[in-house]
>>> print(open('structure32.cif').read())   # mmCIF, C-alpha atoms
data_entry
#
loop_
_atom_site.label_atom_id
_atom_site.label_comp_id
_atom_site.auth_asym_id
_atom_site.auth_seq_id
_atom_site.Cartn_x
_atom_site.Cartn_y
_atom_site.Cartn_z
CA MET W 35 10.88 21.04 -16.12
CA THR W 36 14.32 22.62 -16.47
CA LEU W 37 13.28 25.61 -14.34
CA LEU W 38 11.84 23.33 -11.66
CA GLN W 39 15.05 21.30 -11.51
CA ARG W 40 17.00 24.45 -10.74
CA LEU W 41 14.98 25.15 -7.59
CA PRO W 42 16.93 24.14 -4.46
CA THR W 43 14.20 22.47 -2.37
CA ILE W 44 11.15 20.30 -2.84
CA ARG W 45 9.04 22.87 -1.01
CA ALA W 46 10.05 25.51 -3.56
CA LYS W 47 9.22 23.15 -6.42
CA LEU W 48 5.89 22.15 -4.89
CA GLY W 49 4.98 25.78 -4.15
CA SER W 50 5.87 26.87 -7.68
CA VAL W 51 3.79 24.11 -9.22
CA ILE W 52 0.79 24.94 -7.02
CA VAL W 53 1.05 28.69 -7.70
CA PHE W 54 1.23 28.00 -11.43
CA ALA W 55 -1.75 25.65 -11.22
CA VAL W 56 -3.80 28.17 -9.20
CA GLY W 57 -2.96 31.00 -11.61
CA LEU W 58 -3.89 28.84 -14.57
CA THR W 59 -7.14 27.87 -12.86
CA VAL W 60 -8.06 31.51 -12.13
CA ALA W 61 -7.37 32.48 -15.75
CA LEU W 62 -9.43 29.55 -17.02
CA VAL W 63 -12.31 30.46 -14.69
CA TYR W 64 -12.32 34.05 -15.98
CA PHE W 65 -12.19 32.85 -19.56
CA LEU W 66 -15.20 30.58 -18.98
CA LEU W 67 -17.01 33.45 -17.26
CA ALA W 68 -16.27 35.66 -20.27
CA LEU W 69 -17.82 33.06 -22.55
CA ALA W 70 -20.85 32.66 -20.31
CA LEU W 71 -21.37 36.37 -19.61
CA ARG W 72 -20.29 37.83 -22.92
CA ASN W 73 -23.76 39.38 -23.36
CA SER W 74 -23.90 40.86 -19.87
CA PHE W 75 -23.06 44.36 -21.21
CA ARG W 76 -25.73 44.31 -23.93
CA ASP W 77 -28.50 45.90 -21.83
CA ALA W 78 -26.22 48.78 -20.91
CA ASP W 79 -25.22 49.15 -24.56
CA LEU W 80 -28.86 49.25 -25.68
CA VAL W 81 -29.74 51.86 -23.04
CA GLU W 82 -26.81 53.97 -24.24
CA LEU W 83 -27.95 53.46 -27.83
CA LEU W 84 -31.51 54.54 -26.88
CA ARG W 85 -30.16 57.71 -25.24
CA LEU W 86 -28.28 58.58 -28.44
CA ALA W 87 -31.37 57.92 -30.54
CA GLN W 88 -33.51 60.22 -28.37
CA GLU W 89 -30.93 63.03 -28.39
CA GLN W 90 -30.33 62.90 -32.14
CA SER W 91 -34.05 62.64 -32.94
CA ARG W 92 -34.60 66.01 -31.23
CA SER W 93 -31.51 67.59 -32.76
CA GLU W 94 -31.85 69.80 -35.82
CA THR W 95 -28.55 68.46 -37.20
CA VAL W 96 -27.82 64.74 -36.92
CA VAL W 97 -24.14 63.92 -36.53
CA ALA W 98 -23.01 60.29 -36.94
CA ALA W 99 -20.69 58.84 -34.26
CA ASP W 100 -17.68 56.63 -34.89
CA ASP W 101 -19.52 53.33 -34.50
CA VAL W 102 -23.16 54.45 -34.59
CA SER W 103 -25.23 55.21 -37.67
CA TYR W 104 -28.66 56.86 -37.68
CA LEU W 105 -31.62 55.97 -39.83
CA SER W 106 -34.75 58.03 -40.39
CA ILE W 107 -37.81 56.25 -41.84
CA GLN W 108 -40.73 58.40 -43.07
CA GLY W 109 -43.14 56.13 -44.88
CA ASP W 110 -41.10 54.53 -47.63
CA VAL W 111 -38.27 57.08 -47.39
CA LEU W 112 -35.06 55.87 -45.65
CA VAL W 113 -32.35 58.38 -44.84
CA TRP W 114 -28.98 57.13 -43.42
CA VAL W 115 -26.59 59.33 -41.51
CA GLY W 116 -23.31 57.50 -41.32
CA PRO W 117 -22.33 54.22 -42.93
CA PRO W 118 -25.45 52.29 -43.91
CA LEU W 119 -25.93 49.00 -42.09
CA ALA W 120 -28.47 46.22 -42.30
CA GLU W 121 -31.99 47.58 -42.14
CA PRO W 122 -33.51 47.12 -38.69
CA PRO W 123 -37.07 45.93 -38.13
CA ARG W 124 -39.74 48.56 -38.76
CA PHE W 125 -41.99 49.79 -35.99
CA GLU W 126 -44.86 52.24 -35.83
CA GLY W 127 -44.76 54.28 -32.69
CA GLY W 128 -43.33 53.47 -29.30
CA VAL W 129 -39.80 52.95 -28.14
CA HIS W 130 -38.01 49.79 -29.23
CA VAL W 131 -34.53 48.36 -28.57
CA GLY W 132 -33.03 45.03 -29.54
CA VAL W 133 -30.65 42.98 -31.66
CA ALA W 134 -31.48 41.65 -35.11
CA GLY W 135 -29.53 40.74 -38.21
CA GLY W 136 -26.14 41.26 -36.53
CA ILE W 137 -26.97 44.85 -35.43
CA GLU W 138 -28.07 46.56 -32.26
CA PHE W 139 -30.80 49.15 -32.67
CA ALA W 140 -32.82 51.64 -30.68
CA ALA W 141 -35.95 53.17 -32.29
CA VAL W 142 -37.93 56.22 -31.11
CA PRO W 143 -40.91 58.00 -32.74
CA ALA W 144 -39.98 60.99 -34.90
CA ARG W 145 -42.13 63.43 -36.88
CA VAL W 146 -41.07 65.47 -39.91
CA GLY W 147 -43.73 68.06 -40.39
CA ASP W 148 -47.04 66.30 -40.24
CA VAL W 149 -45.58 62.94 -41.39
CA PRO W 150 -45.01 60.44 -38.53
CA GLY W 151 -41.94 58.20 -38.67
CA MET W 152 -39.26 56.39 -36.65
CA PHE W 153 -35.69 57.40 -35.85
CA TYR W 154 -33.11 54.66 -35.32
CA ALA W 155 -29.66 54.54 -33.77
CA VAL W 156 -27.90 51.49 -35.20
CA ARG W 157 -24.51 49.83 -34.76
CA GLU W 158 -22.97 46.43 -35.38
CA ALA W 159 -23.44 43.92 -32.57
CA PRO W 160 -20.12 42.63 -31.16
CA GLY W 161 -19.20 39.10 -32.25
CA PHE W 162 -18.61 36.04 -30.04
CA TRP W 163 -14.90 36.60 -29.34
CA LEU W 164 -15.16 40.38 -29.21
CA ALA W 165 -17.90 40.22 -26.58
CA SER W 166 -15.86 37.71 -24.55
CA GLY W 167 -12.71 39.82 -24.80
CA ARG W 168 -14.66 42.86 -23.67
CA PHE W 169 -15.55 41.06 -20.44
CA LEU W 170 -11.90 40.34 -19.75
CA PHE W 171 -10.89 43.88 -20.68
CA GLU W 172 -13.44 45.34 -18.29
CA PHE W 173 -12.38 43.10 -15.36
CA TRP W 174 -8.62 42.68 -15.93
CA TRP W 175 -7.64 44.20 -12.60
CA GLN W 176 -10.04 41.94 -10.70
CA LEU W 177 -8.40 39.02 -12.53
CA LEU W 178 -4.95 40.11 -11.39
CA VAL W 179 -6.03 40.72 -7.81
CA ALA W 180 -7.89 37.40 -7.57
CA GLY W 181 -4.94 35.53 -9.09
CA ALA W 182 -2.43 37.17 -6.75
CA VAL W 183 -4.53 36.52 -3.64
CA ALA W 184 -5.24 32.91 -4.65
CA ALA W 185 -1.55 32.30 -5.45
CA ALA W 186 -0.45 33.77 -2.10
CA ILE W 187 -2.92 31.60 -0.19
CA ALA W 188 -1.93 28.53 -2.22
CA LEU W 189 1.76 29.22 -1.63
CA PHE W 190 1.23 29.54 2.13
CA VAL W 191 -0.84 26.35 2.31
CA ALA W 192 1.63 24.49 0.07
CA ARG W 193 4.61 25.44 2.24
CA TRP W 194 2.70 24.55 5.41
CA PHE W 195 1.72 21.11 4.11
CA ALA W 196 5.03 20.54 2.33
CA ARG W 197 6.93 21.06 5.59
CA GLY W 198 5.32 17.95 7.05
CA MET W 199 5.51 16.03 3.78
CA THR W 200 9.19 16.71 3.20
CA GLN W 201 10.40 16.39 6.81
CA PRO W 202 11.29 12.68 6.34
CA LEU W 203 13.24 13.61 3.20
CA ARG W 204 15.21 16.26 5.10
CA ASP W 205 15.85 13.75 7.89
CA MET W 206 17.06 11.20 5.33
CA ALA W 207 19.36 13.78 3.73
CA LYS W 208 20.79 14.62 7.15
CA ALA W 209 21.21 10.93 8.02
CA ALA W 210 22.87 10.23 4.66
CA SER W 211 25.33 13.07 5.29
CA ALA W 212 26.12 11.61 8.71
CA MET W 213 26.63 8.15 7.17
CA GLU W 214 28.93 9.68 4.55
CA ARG W 215 31.09 11.04 7.39
CA GLY W 216 31.17 7.59 8.99
CA GLN W 217 28.78 8.50 11.82
CA SER W 218 25.76 6.49 12.90
CA SER W 219 22.32 7.96 12.30
CA GLU W 220 19.03 7.82 14.16
CA PRO W 221 16.11 5.98 12.51
CA ILE W 222 13.78 8.14 10.42
CA VAL W 223 10.44 8.54 12.22
CA THR W 224 7.37 9.05 10.03
CA ASP W 225 3.69 8.15 10.13
CA SER W 226 3.22 8.66 6.40
CA ARG W 227 1.96 5.73 4.35
CA ASP W 228 2.69 7.23 0.93
CA GLU W 229 5.82 6.92 -1.20
CA VAL W 230 7.77 9.15 1.20
CA GLY W 231 6.85 6.88 4.11
CA GLN W 232 7.81 3.79 2.13
CA LEU W 233 11.10 5.45 1.22
CA ALA W 234 11.74 6.23 4.91
CA ILE W 235 11.09 2.60 5.85
CA ALA W 236 13.43 1.39 3.10
CA PHE W 237 16.05 3.92 4.21
CA ASN W 238 15.83 2.73 7.82
CA ARG W 239 16.21 -0.86 6.67
CA MET W 240 19.18 0.04 4.48
CA SER W 241 20.78 2.06 7.30
CA ALA W 242 20.37 -0.83 9.73
CA GLU W 243 21.89 -3.25 7.22
CA LEU W 244 24.82 -0.92 6.58
CA GLU W 245 25.44 -0.55 10.30
CA SER W 246 25.27 -4.33 10.67
CA LEU W 247 27.72 -4.78 7.78
CA GLU W 248 30.02 -2.20 9.30
CA ARG W 249 29.87 -3.99 12.65
CA LEU W 250 30.57 -7.31 10.94
CA ARG W 251 33.48 -5.74 9.07
CA ARG W 252 35.00 -4.40 12.28
CA ASP W 253 34.46 -7.73 14.01
CA LEU W 254 35.96 -9.57 11.05
CA VAL W 255 39.07 -7.39 11.01
CA ALA W 256 39.46 -7.76 14.77
CA ASN W 257 38.89 -11.51 14.71
CA VAL W 258 41.14 -12.14 11.73
CA SER W 259 43.85 -10.04 13.36
CA HIS W 260 43.48 -12.01 16.57
CA GLU W 261 43.42 -15.38 14.84
CA LEU W 262 46.46 -14.54 12.73
CA LYS W 263 48.31 -13.01 15.64
CA THR W 264 48.06 -16.13 17.82
CA PRO W 265 49.98 -18.59 15.56
CA ILE W 266 52.34 -15.84 14.37
CA SER W 267 53.17 -14.92 17.97
CA ALA W 268 53.74 -18.58 18.85
CA LEU W 269 56.03 -19.09 15.86
CA ARG W 270 57.93 -15.92 16.66
CA ALA W 271 58.39 -16.94 20.28
CA HIS W 272 59.77 -20.35 19.32
CA LEU W 273 62.09 -18.82 16.71
CA GLU W 274 63.42 -16.28 19.21
CA ASN W 275 63.99 -19.04 21.76
CA LEU W 276 65.87 -21.06 19.16
CA LEU W 277 68.04 -18.08 18.23
CA ASP W 278 68.75 -17.28 21.90
CA GLY W 279 69.55 -20.90 22.67
CA VAL W 280 66.71 -21.19 25.19
CA GLU W 281 65.22 -24.07 23.18
CA GLN W 282 66.86 -26.70 21.10
CA PRO W 283 65.66 -27.59 17.59
CA ASN W 284 64.38 -30.94 18.73
CA PRO W 285 61.49 -32.78 17.00
CA GLU W 286 59.00 -31.72 19.67
CA THR W 287 59.69 -28.00 19.18
CA LEU W 288 59.65 -28.33 15.41
CA HIS W 289 56.38 -30.22 15.60
CA VAL W 290 54.78 -27.38 17.60
CA MET W 291 56.04 -24.82 15.11
CA LEU W 292 54.75 -26.91 12.21
CA ALA W 293 51.32 -27.20 13.85
CA GLN W 294 51.13 -23.41 14.27
CA SER W 295 52.16 -22.80 10.65
CA GLU W 296 49.59 -25.35 9.47
CA ARG W 297 46.94 -23.62 11.55
CA LEU W 298 47.93 -20.29 10.01
CA GLY W 299 47.80 -21.71 6.49
CA ARG W 300 44.47 -23.41 7.17
CA LEU W 301 42.97 -20.15 8.40
CA VAL W 302 44.14 -18.20 5.35
CA ASP W 303 42.92 -20.89 2.97
CA GLN W 304 39.50 -21.02 4.59
CA LEU W 305 39.16 -17.23 4.53
CA LEU W 306 39.97 -17.17 0.83
CA GLU W 307 37.55 -20.01 0.17
CA LEU W 308 34.78 -18.32 2.14
CA SER W 309 35.34 -15.09 0.21
CA ARG W 310 35.09 -16.94 -3.10
CA LEU W 311 31.94 -18.75 -1.98
CA GLU W 312 30.18 -15.56 -0.90
CA SER W 313 31.14 -13.75 -4.13
CA GLY W 314 29.98 -16.67 -6.29
CA ASP W 315 33.39 -17.17 -7.88
CA LEU W 316 33.71 -20.78 -6.74
CA PRO W 317 32.20 -23.10 -9.40
CA LEU W 318 30.13 -26.09 -8.30
CA GLN W 319 30.45 -29.46 -10.03
CA ARG W 320 26.91 -30.68 -9.45
CA GLU W 321 25.92 -34.28 -9.95
CA GLN W 322 23.76 -36.96 -8.37
CA VAL W 323 25.21 -37.62 -4.92
CA ARG W 324 24.06 -40.48 -2.68
CA LEU W 325 24.20 -39.44 0.94
CA ARG W 326 24.58 -42.82 2.65
CA PRO W 327 28.11 -43.60 1.36
CA LEU W 328 29.11 -39.94 1.72
CA VAL W 329 28.03 -39.85 5.37
CA SER W 330 29.81 -43.12 6.08
CA ARG W 331 33.03 -41.76 4.58
CA VAL W 332 32.89 -38.52 6.56
CA VAL W 333 32.13 -40.35 9.82
CA SER W 334 35.11 -42.66 9.24
CA GLU W 335 37.39 -39.67 8.65
CA ILE W 336 36.14 -37.96 11.81
CA GLU W 337 36.78 -41.12 13.80
CA VAL W 338 40.37 -41.20 12.52
CA THR W 339 41.22 -37.49 12.78
CA ARG W 340 39.21 -36.74 15.93
CA ALA W 341 39.45 -40.13 17.63
CA ARG W 342 37.78 -40.15 21.04
CA ALA W 343 36.98 -43.41 22.77
CA ASP W 344 34.50 -41.69 25.09
CA LEU W 345 32.33 -40.43 22.20
CA GLU W 346 29.78 -42.39 20.15
CA LEU W 347 29.22 -41.60 16.47
CA ALA W 348 26.07 -42.97 14.85
CA GLN W 349 24.40 -42.57 11.48
CA ASP W 350 20.84 -43.13 10.31
CA VAL W 351 20.66 -42.69 6.53
CA PRO W 352 18.11 -44.88 4.68
CA GLU W 353 19.43 -46.97 1.84
CA ASP W 354 16.58 -45.94 -0.49
CA LEU W 355 17.08 -42.22 0.09
CA PRO W 356 17.08 -40.45 -3.33
CA PRO W 357 20.32 -38.75 -4.38
CA VAL W 358 20.73 -35.00 -4.10
CA PHE W 359 21.87 -32.65 -6.84
CA ALA W 360 25.08 -31.23 -5.41
CA ASP W 361 28.85 -30.94 -5.53
CA GLU W 362 30.11 -34.02 -3.66
CA GLU W 363 33.32 -32.43 -2.44
CA ARG W 364 31.45 -29.42 -1.08
CA MET W 365 28.91 -31.65 0.66
CA HIS W 366 31.79 -33.58 2.16
CA GLN W 367 33.15 -30.28 3.45
CA VAL W 368 29.81 -29.28 5.01
CA LEU W 369 29.36 -32.62 6.76
CA PHE W 370 32.96 -32.67 7.99
CA ASN W 371 32.67 -29.13 9.41
CA LEU W 372 29.41 -29.92 11.20
CA LEU W 373 30.69 -33.20 12.64
CA ASP W 374 34.03 -31.65 13.60
CA ASN W 375 32.19 -28.86 15.40
CA ALA W 376 29.95 -31.37 17.21
CA VAL W 377 32.96 -33.50 18.31
CA ARG W 378 34.79 -30.50 19.76
CA PHE W 379 31.80 -29.37 21.81
CA THR W 380 30.34 -32.71 22.93
CA PRO W 381 31.58 -33.82 26.38
CA SER W 382 32.76 -37.31 27.35
CA GLY W 383 30.11 -39.99 27.14
CA GLY W 384 28.15 -38.01 24.56
CA ARG W 385 26.60 -39.14 21.32
CA ILE W 386 26.59 -37.63 17.84
CA THR W 387 24.07 -38.80 15.28
CA VAL W 388 23.81 -38.06 11.56
CA ARG W 389 20.30 -38.54 10.17
CA ALA W 390 18.84 -37.95 6.71
CA SER W 391 15.24 -38.03 5.48
CA ARG W 392 13.13 -36.92 2.55
CA HIS W 393 10.90 -33.89 3.06
CA ASN W 394 8.77 -32.04 0.45
CA GLY W 395 10.92 -32.74 -2.59
CA ALA W 396 14.16 -32.20 -0.70
CA VAL W 397 16.47 -34.12 1.61
CA ASP W 398 17.11 -32.95 5.18
CA VAL W 399 20.42 -33.87 6.81
CA VAL W 400 20.64 -33.49 10.60
CA VAL W 401 23.77 -33.55 12.76
CA ALA W 402 22.63 -33.87 16.38
CA ASP W 403 24.78 -33.99 19.50
CA THR W 404 24.27 -34.27 23.25
CA GLY W 405 26.50 -31.34 24.13
CA PRO W 406 25.75 -28.37 26.38
CA GLY W 407 23.49 -26.74 23.79
CA ILE W 408 23.35 -23.17 22.53
CA PRO W 409 21.38 -20.38 24.24
CA ALA W 410 18.49 -19.06 22.14
CA GLU W 411 19.99 -15.58 21.80
CA HIS W 412 23.05 -17.03 20.03
CA LEU W 413 21.31 -19.33 17.52
CA SER W 414 20.89 -16.64 14.86
CA ARG W 415 24.63 -15.83 14.90
CA VAL W 416 26.35 -19.19 15.11
CA PHE W 417 26.96 -19.16 11.34
CA GLU W 418 28.85 -15.85 11.45
CA ARG W 419 32.61 -15.84 10.96
CA PHE W 420 34.62 -16.27 14.17
CA TYR W 421 31.48 -16.05 16.31
CA ARG W 422 31.83 -17.88 19.60
CA VAL W 423 28.99 -18.67 21.98
CA ASP W 424 31.49 -18.92 24.84
CA GLN W 425 33.76 -15.90 24.43
CA SER W 426 36.20 -17.23 26.99
CA ARG W 427 36.76 -20.48 25.07
CA SER W 428 40.05 -20.61 23.16
CA ARG W 429 40.75 -22.27 19.83
CA ASP W 430 43.90 -24.09 20.85
CA ASP W 431 42.28 -27.28 19.61
CA GLY W 432 42.76 -26.10 16.03
CA GLY W 433 39.35 -24.63 15.22
CA THR W 434 39.44 -21.60 12.95
CA GLY W 435 35.96 -20.29 13.75
CA ILE W 436 34.71 -20.13 10.16
CA GLY W 437 33.70 -23.75 9.55
CA LEU W 438 30.00 -23.03 10.11
CA ALA W 439 30.21 -19.90 7.95
CA ILE W 440 31.65 -22.00 5.10
CA ALA W 441 28.93 -24.61 5.62
CA ARG W 442 26.22 -21.98 5.31
CA SER W 443 27.75 -20.46 2.17
CA VAL W 444 28.09 -23.88 0.49
CA VAL W 445 24.50 -24.91 1.28
CA GLU W 446 23.07 -21.59 0.12
CA ALA W 447 25.14 -21.81 -3.08
CA HIS W 448 23.30 -25.09 -3.77
CA GLY W 449 19.93 -23.38 -3.35
CA GLY W 450 19.36 -24.97 0.06
CA ARG W 451 19.22 -23.63 3.58
CA ILE W 452 20.82 -24.44 6.91
CA TRP W 453 19.70 -23.71 10.46
CA ALA W 454 20.46 -24.58 14.05
CA GLU W 455 18.16 -25.71 16.86
CA SER W 456 19.12 -26.25 20.45
CA GLU W 457 17.93 -26.82 23.98
CA PRO W 458 20.49 -25.72 26.58
CA GLY W 459 21.67 -28.76 28.48
CA ARG W 460 20.16 -31.20 25.97
CA GLY W 461 22.32 -30.75 22.88
CA SER W 462 22.11 -29.06 19.49
CA ARG W 463 20.85 -29.98 16.02
CA PHE W 464 22.29 -28.55 12.82
CA THR W 465 20.06 -29.20 9.80
CA PHE W 466 20.65 -28.43 6.14
CA GLU W 467 18.28 -29.02 3.24
CA LEU W 468 19.25 -29.89 -0.34
CA PRO W 469 17.15 -30.39 -3.48
CA VAL W 470 16.64 -33.92 -4.79
CA ALA W 471 18.37 -34.72 -8.08
CA PRO W 472 15.96 -34.16 -11.04
CA ALA W 473 16.45 -37.66 -12.44
CA ALA W 474 15.64 -39.24 -9.08
CA GLU W 475 12.53 -37.10 -8.77
CA THR W 476 11.37 -38.15 -12.23
CA ARG W 477 11.83 -41.83 -11.45
CA ARG W 478 9.89 -41.43 -8.22
CA ASP W 479 6.98 -39.79 -10.06
CA GLU W 480 6.96 -42.58 -12.63
#
>>> encode(input="structure32.cif", output="structure tokens")
Amino acid sequence: MTLLQRLPTIRAKLGSVIVFAVGLTVALVYFLLALALRNSFRDADLVELLRLAQEQSRSETVVAADDVSYLSIQGDVLVWVGPPLAEPPRFEGGVHVGVAGGIEFAAVPARVGDVPGMFYAVREAPGFWLASGRFLFEFWWQLLVAGAVAAAIALFVARWFARGMTQPLRDMAKAASAMERGQSSEPIVTDSRDEVGQLAIAFNRMSAELESLERLRRDLVANVSHELKTPISALRAHLENLLDGVEQPNPETLHVMLAQSERLGRLVDQLLELSRLESGDLPLQREQVRLRPLVSRVVSEIEVTRARADLELAQDVPEDLPPVFADEERMHQVLFNLLDNAVRFTPSGGRITVRASRHNGAVDVVVADTGPGIPAEHLSRVFERFYRVDQSRSRDDGGTGIGLAIARSVVEAHGGRIWAESEPGRGSRFTFELPVAPAAETRRDE
């Protein structure tokens, strides 16, 4: 494994593994062949042994070889030339070859004077492992040639297939390098359905999310800079006018400057709060919260702070609605932000309604208005920080542009969800869902 890890590419690793596997397979095949064909040389050995027996039987002087002994049998007389071995089977006349008692023998007729007999050439038969090793020794060069050819073919095929298999990985490495340099990358294209294909899909999803986060970061910096610049520029202009004597420090001027400073402080506070909500650092004091009195209180505050005689505020919250398990102050904040947003965008003569109902073990709260509505392409982004459907609309009315983002973060921190629905020209509906308090759910079941 250490050697493989040192190789620079996956193709090199894959090729090395395949070559090793092919070489091991060739060696194993030859070993099995040696076991199966270990006796394939025996016929040739017996023919050679027969030739020796015939030559020595006609020779006047019998000379023993290194591994062959000779035996002459005349009646009951046995004469060994060479180291004596196990006695072979006895025959009378004819030529005989074979293996018996762990020896190989070849017997030919022989006559000493007028006495007939048999002359044997005898040697030990090779054992199981010796016969197998002899096969390998005889064919070692074929083994090397076959292994080299098979390894070369396997290496070529492995590199050819690995090129297509590892192309997505090379593309991902190239894209990751581009992302490291701060450049955007093209999506990884692959038709593979294996782990590499799944990795490419996950990489594309991650790359898209990173690009989206980078876009949101740039937009956030630009929007925060713009939102901070507006009140700061207004304060600076008034201060310069006061220093130059263009304006007098009358109550009206001081009131304008105070409003701009309050707007600046409100924006900073809400940004800090949103950051704490999204990071999970803001603790929630959850308890049983009844929505009817909470909605009534928020509607009364909206009527006081955003008083408009040409706008109707209505509420439809049943008295027997079960309480929700939530932080009351945070729910107050969500409702206030939604109603404040509806008041600012609902024209004269419009109507805003707050409704609540039970649905599948949760409570749905709806803030509906009769404003101009939101185009469908903007609905998925209305909860982003500083996002404006109408880019030309200013925030001189005091809106910071992050009220809906805070509402979404608060609801999601409670384990609920929030969404927007709209029909252009017929108003919008903002709905959030909260879990029912456990005690209330238990009483209902009882």
>>> residues_around(input="structure32.cif", residues="Val397 of chain W", least_positions_apart="5", cutoff="9 Å", atoms="all atoms listed in the file", output="list of chain:residue names")
W:Leu355, W:Pro356, W:Pro357, W:Val358, W:Ala390, W:Ser391, W:Arg392, W:Phe466, W:Glu467, W:Leu468, W:Pro469, W:Val470
>>> write_last_selection(input="structure32.cif", atoms="C-alpha atoms", output="PDB file, in the coordinates of the input")
ATOM      1  CA  LEU W 355      17.080 -42.220   0.090  1.00  0.00           C
ATOM      2  CA  PRO W 356      17.080 -40.450  -3.330  1.00  0.00           C
ATOM      3  CA  PRO W 357      20.320 -38.750  -4.380  1.00  0.00           C
ATOM      4  CA  VAL W 358      20.730 -35.000  -4.100  1.00  0.00           C
ATOM      5  CA  ALA W 390      18.840 -37.950   6.710  1.00  0.00           C
ATOM      6  CA  SER W 391      15.240 -38.030   5.480  1.00  0.00           C
ATOM      7  CA  ARG W 392      13.130 -36.920   2.550  1.00  0.00           C
ATOM      8  CA  PHE W 466      20.650 -28.430   6.140  1.00  0.00           C
ATOM      9  CA  GLU W 467      18.280 -29.020   3.240  1.00  0.00           C
ATOM     10  CA  LEU W 468      19.250 -29.890  -0.340  1.00  0.00           C
ATOM     11  CA  PRO W 469      17.150 -30.390  -3.480  1.00  0.00           C
ATOM     12  CA  VAL W 470      16.640 -33.920  -4.790  1.00  0.00           C
TER      13      VAL W 470
END
>>> residues_near_point(input="structure32.cif", point="(18.7, 8.9, 6.5)", cutoff="12 Å", atoms="all atoms listed in the file", output="ChimeraX atom specification")
/W:201-214,217-224,233-242,244
>>> resolve_selection(input="structure32.cif", expression="the PyMOL selection byres ((chain W and resi 127) around 12)", output="PyMOL selection string")
chain W and resi 107-108+124-126+128-130+141-145+150-154
>>> axis_aligned_box(input="structure32.cif", around="segment 202-208 of chain W", padding_each_side="4 Å", output="AutoDock Vina command-line options")
--center_x 16.0 --center_y 13.7 --center_z 5.5 --size_x 17.5 --size_y 13.1 --size_z 12.7
>>> atom_distance(input="structure32.cif", atom1="atom CA of Gly407 of chain W", atom2="atom CA of Ser456 of chain W")
5.5 Å
>>> atom_distance(input="structure32.cif", atom1="atom CA of Leu306 of chain W", atom2="atom CA of Gln319 of chain W")
19.0 Å
>>> resolve_selection(input="structure32.cif", expression="the PyMOL selection byres ((chain W and resi 399) around 12)", output="MDAnalysis selection string")
chainID W and resid 325:326 328:329 349:352 355 358 365 368:369 372:373 387:393 396:398 400:402 445 450:454 463:469
>>> resolve_selection(input="structure32.cif", expression="the PyMOL selection byres ((chain W and resi 374-385) around 7)", output="PyMOL selection string")
chain W and resi 336+344-347+370-373+386-387+403-405
>>> residues_around(input="structure32.cif", residues="Met291 of chain W", least_positions_apart="6", cutoff="10 Å", atoms="all atoms listed in the file", output="list in words")
Pro265, Ile266, Ala268, Leu269, Arg270, Ala271, His272, Leu273, Pro285 and Arg297 of chain W
>>> write_last_selection(input="structure32.cif", atoms="C-alpha atoms", output="mmCIF file, keeping the file's coordinate frame")
data_model
loop_
_atom_site.group_PDB
_atom_site.id
_atom_site.type_symbol
_atom_site.label_atom_id
_atom_site.label_comp_id
_atom_site.auth_asym_id
_atom_site.auth_seq_id
_atom_site.Cartn_x
_atom_site.Cartn_y
_atom_site.Cartn_z
ATOM 1 C CA PRO W 265 49.980 -18.590 15.560
ATOM 2 C CA ILE W 266 52.340 -15.840 14.370
ATOM 3 C CA ALA W 268 53.740 -18.580 18.850
ATOM 4 C CA LEU W 269 56.030 -19.090 15.860
ATOM 5 C CA ARG W 270 57.930 -15.920 16.660
ATOM 6 C CA ALA W 271 58.390 -16.940 20.280
ATOM 7 C CA HIS W 272 59.770 -20.350 19.320
ATOM 8 C CA LEU W 273 62.090 -18.820 16.710
ATOM 9 C CA PRO W 285 61.490 -32.780 17.000
ATOM 10 C CA ARG W 297 46.940 -23.620 11.550
#
>>> atom_distance(input="structure32.cif", atom1="atom CA of Ala360 of chain W", atom2="atom CA of Val416 of chain W")
23.8 Å
>>> closest_residue(input="structure32.cif", among="W:Leu413, W:Ala155, W:Ile52, W:Leu105", to="Gln88 of chain W", atoms="all atoms listed in the file")
W:Ala155
>>> residues_around(input="structure32.cif", residues="Glu138 of chain W", least_positions_apart="4", cutoff="8 Å", atoms="all atoms listed in the file", output="MDAnalysis selection string")
chainID W and resid 80 131:134 156:159
>>> residues_around(input="structure32.cif", residues="Val53 of chain W", least_positions_apart="5", cutoff="10 Å", atoms="all atoms listed in the file", output="NGL selection string")
:W and (47-48 or 58-59 or 181-182 or 184-190 or 192)
